[in-house]
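Chemist: Structure below; questions to follow.
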Amino acid sequence: MGGMGFDEAAAAVIHAGRAAAARGWVPATSGNFSVRLDGGRMLVTRSGRDKGRLTPADLAEVAIDGPAPAGTSAETPLHQALYRDDPAIGAIFHVHSPASMLISHLRAADGVLELAGWELQKAFAGILTHDVTVTVPVFPNDQDTTALAGRVSAHLAAPRPAGQVAAPGYLLAGHGIYAWGATPADAERHLDAFDALFSLSLDLRRIAG
């Protein structure tokens with residue numbers, strides 16, 4: 001699948017970073033955002049940049065099939081692997097929202113969070129009914145992001161049991177949510193849906209005791 005030009009992609013990343021910052025999802029320069037560019041490249045946030053104040057100078061062009069250059073996010077390999085594995089992915093947004101960090105801790109031992117029966121599941125591309133189980137994998141956090149990317153790729157490539165649908169995202173334990181979509185707008189919508197569903201799941205857990 002083709003990608004965007006630099007200016008359009010930069011505008012999309014800057015918008016996503018500012019929107020996430022406004023919601024308290026990327027505290028202390030956390031999080032990273034990328035958009036697929038034309039020509040087998042991607043545009044990704046540089047390390048340590050305030051996502052609420054991004055400018056084009058805070059973004060770097062990176063080859064999807066090449067090494068991550070110095071100064072880019074340490075999690076660049078996670079973005080590269082997703083783009084390599086799925087040509088339909090056009091944008092990947094990673095945030096440290098409180099709900100995603102908390103629920104990833106709670107589900108770390110299970111290795112998966114299952115979402116079922118929520119009407120909001122239909123916000124995810126390709127899901128047309130609440131009557132399916134959407135599985136969100138939870139991976140242990142790892143500072144070796146190249147090795148982590150390999151484990152994520154292997155898991156996402158595995159077949160799903162009948163009645164289960166893979167979510168357009170995954171959790172890293174104690175770290176947050178990676179969400180993607182065919183377009184930046186899709187990735188933003190998926191992030192929004194994930195956060196609402198995680199919050200609802202946490203509330204339901206508290207109510208149920």
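Residue names in the structure tokens use chain letters A, B, ... in the order shown, residue numbers from 1 in each chain, and ligand numbers from 1 in the order shown.
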Need the shell around region 83-91 of chain A: protein/DNA/RNA residues with any atom at most 7 Å away, counting only C-alpha atoms. Skip same-chain ones fewer than 4 positions apart. Format as a VMD selection string?
Modeler: chain A and resid 1 3 34 to 36 64 79 180 to 184 187
Chemist: Just write the chosen residues, N, CA, C and O atoms, as a short mmCIF file (atom, residue, chain, number, x, y, z; two decimals), in the first residue's frame.
Modeler:
data_model
loop_
_atom_site.label_atom_id
_atom_site.label_comp_id
_atom_site.auth_asym_id
_atom_site.auth_seq_id
_atom_site.Cartn_x
_atom_site.Cartn_y
_atom_site.Cartn_z
N MET A 1 0.84 -1.19 0.00
CA MET A 1 0.00 0.00 0.00
C MET A 1 0.88 1.24 0.00
O MET A 1 1.90 1.29 0.66
N GLY A 3 1.83 5.33 0.67
CA GLY A 3 1.73 6.15 1.85
C GLY A 3 1.49 7.61 1.50
O GLY A 3 1.13 7.95 0.37
N SER A 34 3.64 7.39 14.28
CA SER A 34 4.22 7.27 12.95
C SER A 34 3.14 7.19 11.90
O SER A 34 2.00 6.80 12.18
N VAL A 35 3.51 7.56 10.67
CA VAL A 35 2.64 7.45 9.50
C VAL A 35 3.48 6.91 8.35
O VAL A 35 4.65 7.29 8.19
N ARG A 36 2.89 6.01 7.57
CA ARG A 36 3.60 5.46 6.41
C ARG A 36 3.76 6.54 5.34
O ARG A 36 2.81 7.24 4.97
N ILE A 64 11.37 1.64 6.27
CA ILE A 64 10.65 0.57 6.97
C ILE A 64 11.51 -0.69 7.06
O ILE A 64 11.46 -1.42 8.06
N HIS A 79 7.22 -0.12 15.26
CA HIS A 79 6.49 0.48 14.15
C HIS A 79 6.90 -0.18 12.82
O HIS A 79 6.05 -0.55 12.00
N TRP A 180 -3.35 0.96 15.56
CA TRP A 180 -3.05 1.30 14.15
C TRP A 180 -4.32 1.31 13.33
O TRP A 180 -5.38 0.88 13.77
N GLY A 181 -4.17 1.80 12.11
CA GLY A 181 -5.29 1.83 11.18
C GLY A 181 -4.80 2.09 9.78
O GLY A 181 -3.61 2.39 9.56
N ALA A 182 -5.70 2.01 8.82
CA ALA A 182 -5.34 2.25 7.43
C ALA A 182 -4.98 3.71 7.20
O ALA A 182 -4.20 4.03 6.30
N THR A 183 -5.55 4.59 8.01
CA THR A 183 -5.29 6.02 7.91
C THR A 183 -5.03 6.58 9.31
O THR A 183 -5.39 5.94 10.31
N PRO A 184 -4.46 7.77 9.41
CA PRO A 184 -4.33 8.38 10.72
C PRO A 184 -5.67 8.55 11.44
O PRO A 184 -5.75 8.36 12.66
N ALA A 187 -6.53 5.24 13.00
CA ALA A 187 -5.71 4.97 14.19
C ALA A 187 -6.18 5.81 15.37
O ALA A 187 -6.25 5.30 16.51
#
Chemist: Using only C-alpha atoms, which protein or nucleic acid residues come within 8 Å of Thr29 (chain A)? Drop anything in the same chain fewer than 2 positions from it, and give the result as a list of chain:residue names.
Modeler: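 Once the adjacent positions are removed, what remains is A:Val26, A:Pro27, A:Gly31, A:Gly48, A:Arg49, A:Asp50, A:Lys51.
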Chemist: Could those residues be written to a file, using C-alpha atoms, as a PDB file, in the first residue's frame?
Modeler:
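To be explicit, this is the file written out as selection-v3.pdb:
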ATOM      1  CA  VAL A  26       1.508  11.127  26.668  1.00  0.00           C
ATOM      2  CA  PRO A  27       2.937  12.513  29.936  1.00  0.00           C
ATOM      3  CA  GLY A  31       4.439   7.859  23.472  1.00  0.00           C
ATOM      4  CA  GLY A  48      12.247  12.668  24.024  1.00  0.00           C
ATOM      5  CA  ARG A  49      10.006  15.181  22.244  1.00  0.00           C
ATOM      6  CA  ASP A  50       6.947  16.710  23.870  1.00  0.00           C
ATOM      7  CA  LYS A  51       4.100  15.227  21.857  1.00  0.00           C
TER       8      LYS A  51
END
Chemist: Quick one: everything within 12 Å of Ala16 (chain A), counting only C-alpha atoms, minus sequence neighbours fewer than 6 positions away in the same chain. Send it as an NGL selection string.
Modeler: :A and (9-10 or 22-23 or 25-26 or 31-35 or 44-45 or 51-55 or 91-95 or 183-189 or 191-192)
Chemist: Tell me, as a list in words, which residues lie within 9 Å of Val132 (chain A), counting only C-alpha atoms; anything in the same chain fewer than 4 positions away does not count.
Modeler: Leu115, Ala116, Gly117, Gln121, Ile127, Gly163, Gln164 and Val165 of chain A
Chemist: Create the file for the chosen residues now, containing N, CA, C and O atoms and written as a compact mmCIF listing (two decimals), in the first residue's frame.
Modeler:
# COMPACT_ATOMS: atom_id res chain seq x y z
N LEU A 115 -12.42 -8.40 24.92
CA LEU A 115 -13.52 -7.45 24.92
C LEU A 115 -14.70 -8.10 24.23
O LEU A 115 -14.59 -8.53 23.07
N ALA A 116 -15.82 -8.19 24.91
CA ALA A 116 -16.99 -8.88 24.34
C ALA A 116 -18.27 -8.21 24.81
O ALA A 116 -18.39 -7.81 25.97
N GLY A 117 -19.21 -8.07 23.89
CA GLY A 117 -20.53 -7.58 24.24
C GLY A 117 -20.68 -6.07 24.25
O GLY A 117 -21.77 -5.57 24.52
N GLN A 121 -17.28 -1.84 20.30
CA GLN A 121 -16.33 -2.65 19.53
C GLN A 121 -16.45 -2.38 18.04
O GLN A 121 -15.48 -2.55 17.29
N ILE A 127 -15.22 -4.67 12.16
CA ILE A 127 -16.08 -5.33 13.15
C ILE A 127 -17.47 -4.73 13.04
O ILE A 127 -17.66 -3.52 13.22
N GLY A 163 -14.73 -17.33 16.37
CA GLY A 163 -15.45 -16.39 17.21
C GLY A 163 -14.61 -15.29 17.80
O GLY A 163 -15.14 -14.41 18.47
N GLN A 164 -13.30 -15.33 17.56
CA GLN A 164 -12.42 -14.28 18.07
C GLN A 164 -11.88 -13.45 16.91
O GLN A 164 -11.59 -13.95 15.83
N VAL A 165 -11.76 -12.16 17.16
CA VAL A 165 -11.25 -11.21 16.16
C VAL A 165 -10.08 -10.46 16.78
O VAL A 165 -10.15 -10.01 17.93
Chemist: Excluding Ala70 (chain A) and its own-chain neighbours fewer than 4 positions away, which residues fall within 10 Å of it when counting only C-alpha atoms? Please give them as a ChimeraX atom specification.
Modeler: /A:46-47,74
Chemist: Point out the residue among A:Ala63, A:Ala158, A:Met101, A:Ala57 with the least atom-to-atom distance to Tyr178 (chain A), counting only C-alpha atoms.
Modeler: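 Nearest candidate to Tyr178 (chain A) out of A:Ala63, A:Ala158, A:Met101, A:Ala57: A:Met101.
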